[in-house]
Structures are given as structure tokens and as C-alpha cells.
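Since the structure comes first, as C-alpha cells, the remarks are kept for the end.
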Amino acid sequence: MTQPRRAVVIGGGIGGLTAAVALHRLGLRVTVLERARSLAPVGAAISLAPNALRALDVIGLGDEIRALAAWSGDGGLRAPGGRWLCRSSAEAAAERFGGPLVLLHRATLIERLAALLPADAVRTDAAAALADSGGPARAARVTTADGEIEADLVVGADGVRSAVRGTLFPRHPGTVYSGFTTWRVVIPVPGARFASHETWGRGRIWGTHPLKDGRVYAYAAALAPAGGRAVDDEKSELLRRFGDWHDPIPAVLAAIRPEDVLRHDVHRVAEPLPAYHQGRVALLGDAAHAMPPSLGQGGNQAIEDAIVLAHHCDDLAAYTAARLPRTTAIGRQAVKAARLSLMSGRTGTVLRDTAVAALSKAGPALFLRGFDGIADWAPPQRPYASEQAPAGNR
């Protein structure tokens with residue numbers, strides 16, 4: 001009996017697991033190698049736009065995630081004093097893009113993806129390195145502490161500091177600092193009642209979103225030198241930067257413990273890679289095109305990558321052709337959006353806020369316009385989950 005083709009996925013994040021599930025459903029024998037001791041994600045929540053949800057439909061997960069969604073698109077953009085610059089709704093988003101914008105905890109999505117794989121498919125505490133990218137007549141090789149693995153396909157899903165990317169393209173400069181840092185928390189805030197919002201100040205932004213389980217997801221960003229840290233703790237730093245902003249921000253800050261706060265500098269791939277593949281190896285997600293989070297598309301594009309990669313797993317050049325132009329354009333758009341939201345000059349921010357309010361009165365909110373050409377994407381194949389062999393242990 002012919003053995004099924006083998007795929008090795010280096011990295012057990014959202015993009016890597018989505019690729020693993022999609023390849024598994026196509027009949028490949030999949031192994032996911034994750035260097036961390038568990039799949040528990042380092043992060044908070046993730047917003048999924050209709051483009052990513054359509055991609056998840058291909059592996060039979062879209063409707064389940066839509067049903068689990070903690071947030072369904074109502075909200076808008078505010079100024080630090082509380083004035084609404086523009087507002088939108090779930091209905092407007094669904095009408096414009098053919099589906100909802102939703103928010104859920106990253107751990108929930110990771111758990112649902114892992115459940116679609118055989119029990120032995122994911123190996124944690126399993127650092128791996130690419131030894132040979134392979135070729136038309138030669139398997140790719142991955143080294144682990146337990147020895148080498150040969151594979152017909154290797155997927156580099158190892159994040160913004162991707163070692164696989166460095167091995168494939170050693171002359172590429174890698175990532176650069178985007179000029180700002182971010183903070184994220186998911187915490188209970190008893191009695192909090194508010195509409196989801198993002199607030200733009202001078203060189204600073206804040207976002208607050210209620211989750212279905214009663215917790216609140218909050219994030220912030222600010223212009224800052226790379227590698228900076230608070231002189232005391234990150235809660236205190238948030239209080240200094242955002243403590244006098246509009247409700248419910250003070251209540252959220254009061255509920256935070258210093259240990260709740262995640263802080264990460266934002267790095268991006270400024271110079272596009274020459275390709276997203278070489279030999280039998282393909283890159284996806286941050287490993288291929290790390291971008292600022294200003295459009296909320298980092299995870300969404302990784303999910304798209306994974307589904308398109310499965311579709312083109314026998315022709316990686318076609319995968320590059322399908323993904324490199326789109327993700328490069330979205331990455332550049334994310335950079336522009338970050339510059340707009342983090343504008344720091346007094347006169348410039350006044351003009352920005354006035355323009356946002358005026359444009360939103362004349363047509364769809366800026367929040368929705370930013371997703372044109374992004375959220376309306378659809379995968380290259382029709383949903384096939386129900387047509388394939390059932391997934392692994394659930």
C-alpha cells in the first residue's frame with residue numbers, strides 16, 4: 001500500500017495549524033513541530049474578518065467560529081475625550097463584505113484547530129530546523145532533537161523571527177522595527193457596559209472590546225524606541241499614557257494587574273521576499289510577511305495563506321504567485337494605517353480627526369473602508385471539508 005505524502009509544519013500557531021488541518025484533509029500525513037511546551041498562545045484575542053472566515057469554511061470550521069464569536073462588529077472610532085469620530089455596525093459590515101467581523105480569544109481558535117488533527121500530529125517542546133529545502137527529486141529534511149524527518153512538503157510557520165525564512169533567504173534583511181510598541185490584556189471588568197471602540201490620540205491608540213464571557217479585551221499602541229520597558233511595570237505605563245482618556249478606559253485600567261499586561265514591539269517585513277517558497281518549502285503568515293496590526297490582518301492573512309497553500313501544495317510557485325502580491329499590498333496598507341492612527345503632531349491629528357468624521361458622514365465609516373479589497377476575498381476552492389475523509393481525533 002502506498003504511503004501518503006508527508007508534510008511537516010514548523011510552528012503551531014494559527015497559520016501553522018490551519019495549514020496542517022487543510023493538508024490533513026487532503027490526505028497528507030502531517031506533523032506539526034512546535035518549540036513551546038504547549039499550544040497555549042502567547043497573546044490575547046484575534047479579530048477575524050469575512051476573508052478569514054471564508055477560508056475557515058474550507059476546513060469546515062467557519063460556522064463554528066462564527067457561532068463562538070464574542071463580538072460581531074458594532075463599534076467605531078473615538079477621540080481621547082470620548083467624541084465619536086465614526087460609528088459602524090455588524091449589519092453594515094456584513095452587507096458590505098458578505099459576512100461578519102468577529103472577535104474571539106486566540107486560545108479558542110487554537111483549540112478548535114488542534115481538535116481537527118489526529119492526536120499524534122502535534123509535537124510540542126519540539127524545536128526544529130530546516131536542513132535541506134529539497135528539490136524535484138529530493139525530499140526536504142528537517143532536524144529535531146529526535147533525529148531527521150524527510151518530507152514532501154515543509155511549511156515554515158515559525159513567526160516573525162522565522163529561522164526557516166533565514167535559511168531559505170539568507171541575504172534577505174529580515175524584519176525591521178515599525179516604530180511602535182503594543183500592550184494587550186484580557187481581563188474581567190465587573191459591570192462594564194460599552195460599545196467596542198478604538199480611540200486615536202497623538203502617537204497613541206487604545207482599543208476596548210467586550211467579550212461574550214464577560215471579560216474585556218483591551219489593547220494599546222504608542223510610538224516608542226525599540227526595546228523599551230516601563231521603569232516600574234506596564235500597568236503603570238498604561239496609566240501614565242491613557243489614564244485620563246474617556247470611559248471605560250479608566251475602569252479597565254483599574255481592573256488590570258501588572259502581570260496581566262503583554263507588551264511587544266512591532267516588527268515587520270519591509271522588503272518583500274523574492275518568493276514564499278523554495279524547493280519543497282513554503283512560508284506563511286508572519287514568517288513570510290509580518291505586518292503591523294493596524295488592520296487586524298496578521299492572523300487573517302496567515303489563515304488565507306494556509307488554505308491557498310493546501311490548494312497549491314503540488315505547485316508552490318503558484319502559491320507564491322497567489323499570495324505574494326496580495327500580502328505585500330496589505331502589508332503596505334497596514335503601514336499607512338499605522339502612520340495615520342499614530343500621527344503625533346498636534347495640527348495633523350486635529351486635521352486627521354476632522355477628516356475622518358467628515359468622510360464618515362459622507363459614506364461608509366473609515367473602519368469599513370479600510371477593509372475594501374481585503375475582507376471581500378474568497379478562497380480559490382469551494383468548501384471541501386464535507387467531501388474529504390473525516391478529520392482526526394476530535
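Ordering of the C-alpha cells sets the chain letters (A, B, ...), residue numbers begin anew at 1 in every chain, and ligands are numbered from 1 in the order given.
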Checklist entry - Quick one: DSSP helix (DSSP H, G or I) residues in region 45-192 of chain A, as a count of residues only? => result 38
Next on the checklist: For the structure I just gave you, how does DSSP split region 124-226 of chain A - specifically, which residues are strand (DSSP E or B)? Reply as a ChimeraX atom specification.
Outcome noted: /A:128-132,135,138,140-144,147-151,153-156,176-188,197-200,204-210,215-223
Store the residues picked out above in a file with N, CA and C atoms, as a compact mmCIF listing (two decimals), in the first residue's frame.
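Saved file result39.txt follows:
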# COMPACT_ATOMS: atom_id res chain seq x y z
N ALA A 128 12.79 22.67 15.90
CA ALA A 128 13.13 22.08 14.61
C ALA A 128 13.88 23.10 13.76
N ALA A 129 14.69 22.58 12.85
CA ALA A 129 15.42 23.44 11.92
C ALA A 129 15.38 22.82 10.54
N LEU A 130 15.34 23.68 9.55
CA LEU A 130 15.35 23.21 8.17
C LEU A 130 16.78 22.86 7.77
N ALA A 131 17.01 21.59 7.37
CA ALA A 131 18.34 21.15 6.98
C ALA A 131 18.53 21.19 5.47
N ASP A 132 17.46 20.92 4.71
CA ASP A 132 17.55 20.86 3.25
C ASP A 132 16.17 21.19 2.71
N GLY A 135 14.13 19.32 -3.45
CA GLY A 135 14.02 19.67 -4.85
C GLY A 135 13.08 18.73 -5.57
N ARG A 138 14.14 15.28 -4.68
CA ARG A 138 14.77 15.15 -3.36
C ARG A 138 13.84 15.69 -2.29
N ALA A 140 12.61 17.26 1.23
CA ALA A 140 13.13 18.24 2.18
C ALA A 140 13.46 17.51 3.48
N ARG A 141 14.37 18.10 4.27
CA ARG A 141 14.76 17.47 5.53
C ARG A 141 14.70 18.48 6.67
N VAL A 142 14.14 18.02 7.76
CA VAL A 142 14.02 18.84 8.98
C VAL A 142 14.72 18.11 10.11
N THR A 143 15.54 18.81 10.87
CA THR A 143 16.22 18.20 12.01
C THR A 143 15.50 18.54 13.31
N THR A 144 15.41 17.55 14.18
CA THR A 144 14.81 17.72 15.50
C THR A 144 15.72 17.03 16.52
N GLY A 147 15.97 13.39 15.82
CA GLY A 147 16.50 12.94 14.54
C GLY A 147 15.92 13.72 13.38
N GLU A 148 16.23 13.28 12.17
CA GLU A 148 15.77 13.96 10.96
C GLU A 148 14.42 13.42 10.49
N ILE A 149 13.67 14.31 9.87
CA ILE A 149 12.41 13.93 9.24
C ILE A 149 12.48 14.36 7.78
N GLU A 150 12.17 13.44 6.88
CA GLU A 150 12.06 13.79 5.47
C GLU A 150 10.60 14.09 5.15
N ALA A 151 10.39 15.05 4.27
CA ALA A 151 9.03 15.46 3.96
C ALA A 151 8.89 15.87 2.50
N LEU A 153 6.70 18.08 1.75
CA LEU A 153 6.41 19.50 1.89
C LEU A 153 6.75 19.93 3.31
N VAL A 154 7.45 21.04 3.43
CA VAL A 154 7.70 21.66 4.73
C VAL A 154 7.07 23.04 4.72
N VAL A 155 6.34 23.34 5.76
CA VAL A 155 5.69 24.64 5.91
C VAL A 155 6.39 25.41 7.02
N GLY A 156 6.98 26.55 6.67
CA GLY A 156 7.60 27.42 7.67
C GLY A 156 6.57 28.39 8.21
N VAL A 176 12.15 44.66 10.30
CA VAL A 176 12.58 45.95 10.84
C VAL A 176 11.56 46.38 11.90
N TYR A 177 12.00 47.23 12.81
CA TYR A 177 11.10 47.77 13.83
C TYR A 177 10.15 48.76 13.19
N SER A 178 8.87 48.66 13.54
CA SER A 178 7.85 49.51 12.94
C SER A 178 7.73 50.88 13.60
N GLY A 179 8.43 51.09 14.71
CA GLY A 179 8.41 52.40 15.36
C GLY A 179 7.45 52.50 16.52
N PHE A 180 6.72 51.42 16.82
CA PHE A 180 5.79 51.49 17.95
C PHE A 180 5.71 50.16 18.66
N THR A 181 5.25 50.24 19.91
CA THR A 181 5.09 49.07 20.76
C THR A 181 3.62 48.89 21.08
N THR A 182 3.25 47.67 21.51
CA THR A 182 1.85 47.38 21.81
C THR A 182 1.71 46.74 23.18
N TRP A 183 0.53 46.92 23.78
CA TRP A 183 0.15 46.26 25.02
C TRP A 183 -1.19 45.57 24.79
N ARG A 184 -1.39 44.39 25.41
CA ARG A 184 -2.66 43.67 25.27
C ARG A 184 -3.03 43.02 26.60
N VAL A 185 -4.33 43.02 26.90
CA VAL A 185 -4.83 42.34 28.10
C VAL A 185 -6.20 41.73 27.80
N VAL A 186 -6.51 40.65 28.48
CA VAL A 186 -7.87 40.09 28.53
C VAL A 186 -8.17 39.89 30.00
N ILE A 187 -9.15 40.64 30.52
CA ILE A 187 -9.42 40.64 31.96
C ILE A 187 -10.91 40.78 32.22
N PRO A 188 -11.37 40.34 33.40
CA PRO A 188 -12.75 40.64 33.80
C PRO A 188 -12.86 42.09 34.27
N HIS A 197 -14.75 49.95 20.72
CA HIS A 197 -14.22 51.17 20.12
C HIS A 197 -12.71 51.11 20.03
N GLU A 198 -12.17 51.88 19.12
CA GLU A 198 -10.75 52.20 19.09
C GLU A 198 -10.65 53.70 19.21
N THR A 199 -9.68 54.17 19.99
CA THR A 199 -9.53 55.60 20.25
C THR A 199 -8.15 56.05 19.79
N TRP A 200 -8.14 57.12 19.00
CA TRP A 200 -6.89 57.65 18.45
C TRP A 200 -6.51 58.95 19.15
N ARG A 204 -0.64 57.70 20.02
CA ARG A 204 -1.13 56.65 20.90
C ARG A 204 -2.51 56.20 20.44
N ILE A 205 -2.80 54.92 20.57
CA ILE A 205 -4.16 54.43 20.34
C ILE A 205 -4.54 53.46 21.45
N TRP A 206 -5.83 53.34 21.65
CA TRP A 206 -6.38 52.40 22.64
C TRP A 206 -7.60 51.73 22.01
N GLY A 207 -7.78 50.43 22.28
CA GLY A 207 -8.97 49.72 21.84
C GLY A 207 -9.56 48.93 22.98
N THR A 208 -10.89 48.94 23.09
CA THR A 208 -11.58 48.19 24.14
C THR A 208 -12.75 47.44 23.53
N HIS A 209 -12.81 46.12 23.79
CA HIS A 209 -13.87 45.28 23.20
C HIS A 209 -14.39 44.30 24.25
N PRO A 210 -15.71 44.27 24.47
CA PRO A 210 -16.28 43.29 25.41
C PRO A 210 -16.32 41.90 24.77
N ARG A 215 -15.49 38.99 29.99
CA ARG A 215 -14.19 39.64 30.05
C ARG A 215 -14.09 40.75 29.01
N VAL A 216 -13.03 41.52 29.11
CA VAL A 216 -12.78 42.63 28.19
C VAL A 216 -11.41 42.41 27.54
N TYR A 217 -11.37 42.61 26.24
CA TYR A 217 -10.09 42.61 25.52
C TYR A 217 -9.72 44.05 25.28
N ALA A 218 -8.55 44.45 25.74
CA ALA A 218 -8.08 45.82 25.52
C ALA A 218 -6.67 45.76 24.95
N TYR A 219 -6.38 46.70 24.07
CA TYR A 219 -5.04 46.81 23.50
C TYR A 219 -4.68 48.28 23.38
N ALA A 220 -3.39 48.53 23.32
CA ALA A 220 -2.90 49.89 23.18
C ALA A 220 -1.63 49.85 22.35
N ALA A 221 -1.31 50.97 21.76
CA ALA A 221 -0.06 51.11 21.00
C ALA A 221 0.43 52.53 21.15
N ALA A 222 1.73 52.70 21.07
CA ALA A 222 2.32 54.04 21.19
C ALA A 222 3.67 54.06 20.50
N LEU A 223 3.98 55.22 19.93
CA LEU A 223 5.32 55.42 19.38
C LEU A 223 6.33 55.30 20.52
Item to check | All residues 10 Å or closer to Gly201 (chain A), only C-alpha atoms, same chain fewer than 2 positions away omitted, as a list in words | outcome: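 Neighbouring residues, sequence-local ones excluded: Arg78, Ala79, Pro80, Gly81, Thr199, Gly203, Arg204, Ile205, Trp206, Ala222, Phe242, Trp245, Ser341, Leu342, Met343, Ser344, Arg346, Thr349, Val350 and Asp353 of chain A.
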Atoms kept (N, CA, C and O atoms) for selection, written as a PDB file, in the first residue's frame:
ATOM      1  N   ARG A  78     -13.101  56.712  18.241  1.00  0.00           N
ATOM      2  CA  ARG A  78     -13.335  57.813  19.163  1.00  0.00           C
ATOM      3  C   ARG A  78     -12.072  58.638  19.343  1.00  0.00           C
ATOM      4  O   ARG A  78     -10.963  58.210  19.010  1.00  0.00           O
ATOM      5  N   ALA A  79     -12.256  59.834  19.879  1.00  0.00           N
ATOM      6  CA  ALA A  79     -11.152  60.701  20.298  1.00  0.00           C
ATOM      7  C   ALA A  79     -10.938  60.504  21.798  1.00  0.00           C
ATOM      8  O   ALA A  79     -11.836  60.031  22.503  1.00  0.00           O
ATOM      9  N   PRO A  80      -9.762  60.856  22.335  1.00  0.00           N
ATOM     10  CA  PRO A  80      -9.480  60.614  23.761  1.00  0.00           C
ATOM     11  C   PRO A  80     -10.502  61.219  24.712  1.00  0.00           C
ATOM     12  O   PRO A  80     -10.728  60.684  25.803  1.00  0.00           O
ATOM     13  N   GLY A  81     -11.145  62.320  24.324  1.00  0.00           N
ATOM     14  CA  GLY A  81     -12.167  62.920  25.183  1.00  0.00           C
ATOM     15  C   GLY A  81     -13.491  62.188  25.142  1.00  0.00           C
ATOM     16  O   GLY A  81     -14.390  62.492  25.935  1.00  0.00           O
ATOM     17  N   THR A 199      -9.680  54.173  19.992  1.00  0.00           N
ATOM     18  CA  THR A 199      -9.528  55.597  20.254  1.00  0.00           C
ATOM     19  C   THR A 199      -8.150  56.051  19.791  1.00  0.00           C
ATOM     20  O   THR A 199      -7.143  55.434  20.133  1.00  0.00           O
ATOM     21  N   GLY A 203       0.025  60.017  18.710  1.00  0.00           N
ATOM     22  CA  GLY A 203       1.054  58.998  18.846  1.00  0.00           C
ATOM     23  C   GLY A 203       0.658  57.839  19.733  1.00  0.00           C
ATOM     24  O   GLY A 203       1.510  57.049  20.155  1.00  0.00           O
ATOM     25  N   ARG A 204      -0.638  57.705  20.020  1.00  0.00           N
ATOM     26  CA  ARG A 204      -1.134  56.646  20.899  1.00  0.00           C
ATOM     27  C   ARG A 204      -2.512  56.200  20.436  1.00  0.00           C
ATOM     28  O   ARG A 204      -3.318  57.021  19.978  1.00  0.00           O
ATOM     29  N   ILE A 205      -2.804  54.922  20.573  1.00  0.00           N
ATOM     30  CA  ILE A 205      -4.163  54.430  20.338  1.00  0.00           C
ATOM     31  C   ILE A 205      -4.539  53.459  21.453  1.00  0.00           C
ATOM     32  O   ILE A 205      -3.678  52.854  22.102  1.00  0.00           O
ATOM     33  N   TRP A 206      -5.834  53.341  21.655  1.00  0.00           N
ATOM     34  CA  TRP A 206      -6.384  52.396  22.638  1.00  0.00           C
ATOM     35  C   TRP A 206      -7.598  51.729  22.012  1.00  0.00           C
ATOM     36  O   TRP A 206      -8.392  52.379  21.330  1.00  0.00           O
ATOM     37  N   ALA A 222       1.735  52.700  21.072  1.00  0.00           N
ATOM     38  CA  ALA A 222       2.322  54.036  21.190  1.00  0.00           C
ATOM     39  C   ALA A 222       3.669  54.063  20.499  1.00  0.00           C
ATOM     40  O   ALA A 222       4.402  53.057  20.486  1.00  0.00           O
ATOM     41  N   PHE A 242      -2.644  56.595  29.282  1.00  0.00           N
ATOM     42  CA  PHE A 242      -4.065  56.555  28.917  1.00  0.00           C
ATOM     43  C   PHE A 242      -5.024  56.786  30.090  1.00  0.00           C
ATOM     44  O   PHE A 242      -6.231  56.726  29.910  1.00  0.00           O
ATOM     45  N   TRP A 245      -8.014  59.243  29.646  1.00  0.00           N
ATOM     46  CA  TRP A 245      -8.869  59.120  28.462  1.00  0.00           C
ATOM     47  C   TRP A 245     -10.295  58.762  28.890  1.00  0.00           C
ATOM     48  O   TRP A 245     -10.573  58.488  30.051  1.00  0.00           O
ATOM     49  N   SER A 341      -3.064  56.375  12.278  1.00  0.00           N
ATOM     50  CA  SER A 341      -3.619  56.262  13.624  1.00  0.00           C
ATOM     51  C   SER A 341      -2.639  56.746  14.689  1.00  0.00           C
ATOM     52  O   SER A 341      -3.062  57.226  15.747  1.00  0.00           O
ATOM     53  N   LEU A 342      -1.329  56.639  14.432  1.00  0.00           N
ATOM     54  CA  LEU A 342      -0.325  57.040  15.411  1.00  0.00           C
ATOM     55  C   LEU A 342       0.311  58.388  15.089  1.00  0.00           C
ATOM     56  O   LEU A 342       1.381  58.713  15.607  1.00  0.00           O
ATOM     57  N   MET A 343      -0.345  59.171  14.272  1.00  0.00           N
ATOM     58  CA  MET A 343       0.141  60.517  13.977  1.00  0.00           C
ATOM     59  C   MET A 343       0.323  61.284  15.288  1.00  0.00           C
ATOM     60  O   MET A 343      -0.521  61.208  16.190  1.00  0.00           O
ATOM     61  N   SER A 344       1.433  62.032  15.402  1.00  0.00           N
ATOM     62  CA  SER A 344       1.745  62.639  16.696  1.00  0.00           C
ATOM     63  C   SER A 344       1.691  64.166  16.714  1.00  0.00           C
ATOM     64  O   SER A 344       1.642  64.768  17.795  1.00  0.00           O
ATOM     65  N   ARG A 346       0.278  67.908  16.708  1.00  0.00           N
ATOM     66  CA  ARG A 346      -0.997  68.449  17.180  1.00  0.00           C
ATOM     67  C   ARG A 346      -1.894  68.875  16.010  1.00  0.00           C
ATOM     68  O   ARG A 346      -3.067  68.503  15.943  1.00  0.00           O
ATOM     69  N   THR A 349      -3.094  65.827  13.879  1.00  0.00           N
ATOM     70  CA  THR A 349      -4.123  64.974  14.475  1.00  0.00           C
ATOM     71  C   THR A 349      -5.488  65.650  14.455  1.00  0.00           C
ATOM     72  O   THR A 349      -6.511  64.991  14.272  1.00  0.00           O
ATOM     73  N   VAL A 350      -5.513  66.976  14.631  1.00  0.00           N
ATOM     74  CA  VAL A 350      -6.796  67.696  14.534  1.00  0.00           C
ATOM     75  C   VAL A 350      -7.363  67.566  13.123  1.00  0.00           C
ATOM     76  O   VAL A 350      -8.558  67.278  12.933  1.00  0.00           O
ATOM     77  N   ASP A 353      -8.615  63.912  12.561  1.00  0.00           N
ATOM     78  CA  ASP A 353      -9.896  63.603  13.195  1.00  0.00           C
ATOM     79  C   ASP A 353     -11.050  64.291  12.472  1.00  0.00           C
ATOM     80  O   ASP A 353     -12.128  63.709  12.309  1.00  0.00           O
TER      81      ASP A 353
END
Item to check | Contacts of Ala378 (chain A) within 8 Å, only C-alpha atoms, excl. fewer than 2 positions in-chain, as a list in words | outcome: Asn51, Arg54, Ala55, Asp376 and Pro380 of chain A
Filtering to all heavy atoms, could you give me those residues as a PDB file, in the first residue's frame?
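Saved to result-v1.pdb:
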ATOM      1  N   ASN A  51     -12.952  37.489   5.183  1.00  0.00           N
ATOM      2  CA  ASN A  51     -11.992  36.754   4.354  1.00  0.00           C
ATOM      3  C   ASN A  51     -11.446  35.538   5.087  1.00  0.00           C
ATOM      4  O   ASN A  51     -11.354  34.437   4.526  1.00  0.00           O
ATOM      5  CB  ASN A  51     -10.857  37.669   3.886  1.00  0.00           C
ATOM      6  CG  ASN A  51     -10.193  38.450   5.005  1.00  0.00           C
ATOM      7  OD1 ASN A  51     -10.856  39.128   5.786  1.00  0.00           O
ATOM      8  ND2 ASN A  51      -8.874  38.381   5.089  1.00  0.00           N
ATOM      9  N   ARG A  54     -14.212  32.850   5.581  1.00  0.00           N
ATOM     10  CA  ARG A  54     -14.438  32.059   4.371  1.00  0.00           C
ATOM     11  C   ARG A  54     -13.340  31.018   4.196  1.00  0.00           C
ATOM     12  O   ARG A  54     -13.592  29.898   3.739  1.00  0.00           O
ATOM     13  CB  ARG A  54     -14.501  32.973   3.147  1.00  0.00           C
ATOM     14  CG  ARG A  54     -15.723  33.864   3.085  1.00  0.00           C
ATOM     15  CD  ARG A  54     -15.836  34.569   1.739  1.00  0.00           C
ATOM     16  NE  ARG A  54     -16.775  35.670   1.837  1.00  0.00           N
ATOM     17  CZ  ARG A  54     -16.436  36.935   2.035  1.00  0.00           C
ATOM     18  NH1 ARG A  54     -15.137  37.263   2.122  1.00  0.00           N
ATOM     19  NH2 ARG A  54     -17.345  37.875   2.134  1.00  0.00           N
ATOM     20  N   ALA A  55     -12.109  31.391   4.534  1.00  0.00           N
ATOM     21  CA  ALA A  55     -11.013  30.423   4.463  1.00  0.00           C
ATOM     22  C   ALA A  55     -11.263  29.269   5.430  1.00  0.00           C
ATOM     23  O   ALA A  55     -11.050  28.095   5.089  1.00  0.00           O
ATOM     24  CB  ALA A  55      -9.685  31.108   4.759  1.00  0.00           C
ATOM     25  N   ASP A 376     -13.383  41.138   1.347  1.00  0.00           N
ATOM     26  CA  ASP A 376     -14.239  40.504   0.353  1.00  0.00           C
ATOM     27  C   ASP A 376     -13.548  39.358  -0.385  1.00  0.00           C
ATOM     28  O   ASP A 376     -14.096  38.794  -1.328  1.00  0.00           O
ATOM     29  CB  ASP A 376     -14.753  41.547  -0.653  1.00  0.00           C
ATOM     30  CG  ASP A 376     -13.642  42.432  -1.202  1.00  0.00           C
ATOM     31  OD1 ASP A 376     -12.461  42.156  -0.922  1.00  0.00           O
ATOM     32  OD2 ASP A 376     -13.959  43.409  -1.905  1.00  0.00           O
ATOM     33  N   PRO A 380      -9.683  30.066  -3.281  1.00  0.00           N
ATOM     34  CA  PRO A 380      -9.716  29.618  -4.676  1.00  0.00           C
ATOM     35  C   PRO A 380     -10.507  28.342  -4.897  1.00  0.00           C
ATOM     36  O   PRO A 380     -10.801  27.991  -6.035  1.00  0.00           O
ATOM     37  CB  PRO A 380      -8.233  29.398  -5.005  1.00  0.00           C
ATOM     38  CG  PRO A 380      -7.598  29.076  -3.685  1.00  0.00           C
ATOM     39  CD  PRO A 380      -8.353  29.916  -2.691  1.00  0.00           C
TER      40      PRO A 380
END
Next on the checklist: Under the rule that only C-alpha atoms are counted, which of A:Val9, A:Ala317, A:Val281, A:Ala67 is the nearest residue to Val102 (chain A)?
Outcome noted: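 Between A:Val9, A:Ala317, A:Val281, A:Ala67, the residue approaching Val102 (chain A) most closely is A:Ala67.
Minimum atom-to-atom distance to Pro118 (chain A), evaluated using only C-alpha atoms, belongs to A:Thr31 out of A:Ile65, A:Thr31, A:Ile46, A:Thr167.
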Checklist entry - Hey, what's within 8 Å of Val356 (chain A) if we count only C-alpha atoms and toss same-chain stuff fewer than 4 positions away? As a list in words, please? => result Leu85, Cys86, Arg352, Ser360 and Leu366 of chain A
Item to check | Selected residue, from A:Ser47, A:Gln333, A:Thr175, A:Ser294, that lies nearest to Leu273 (chain A) when counting only C-alpha atoms | outcome: A:Thr175
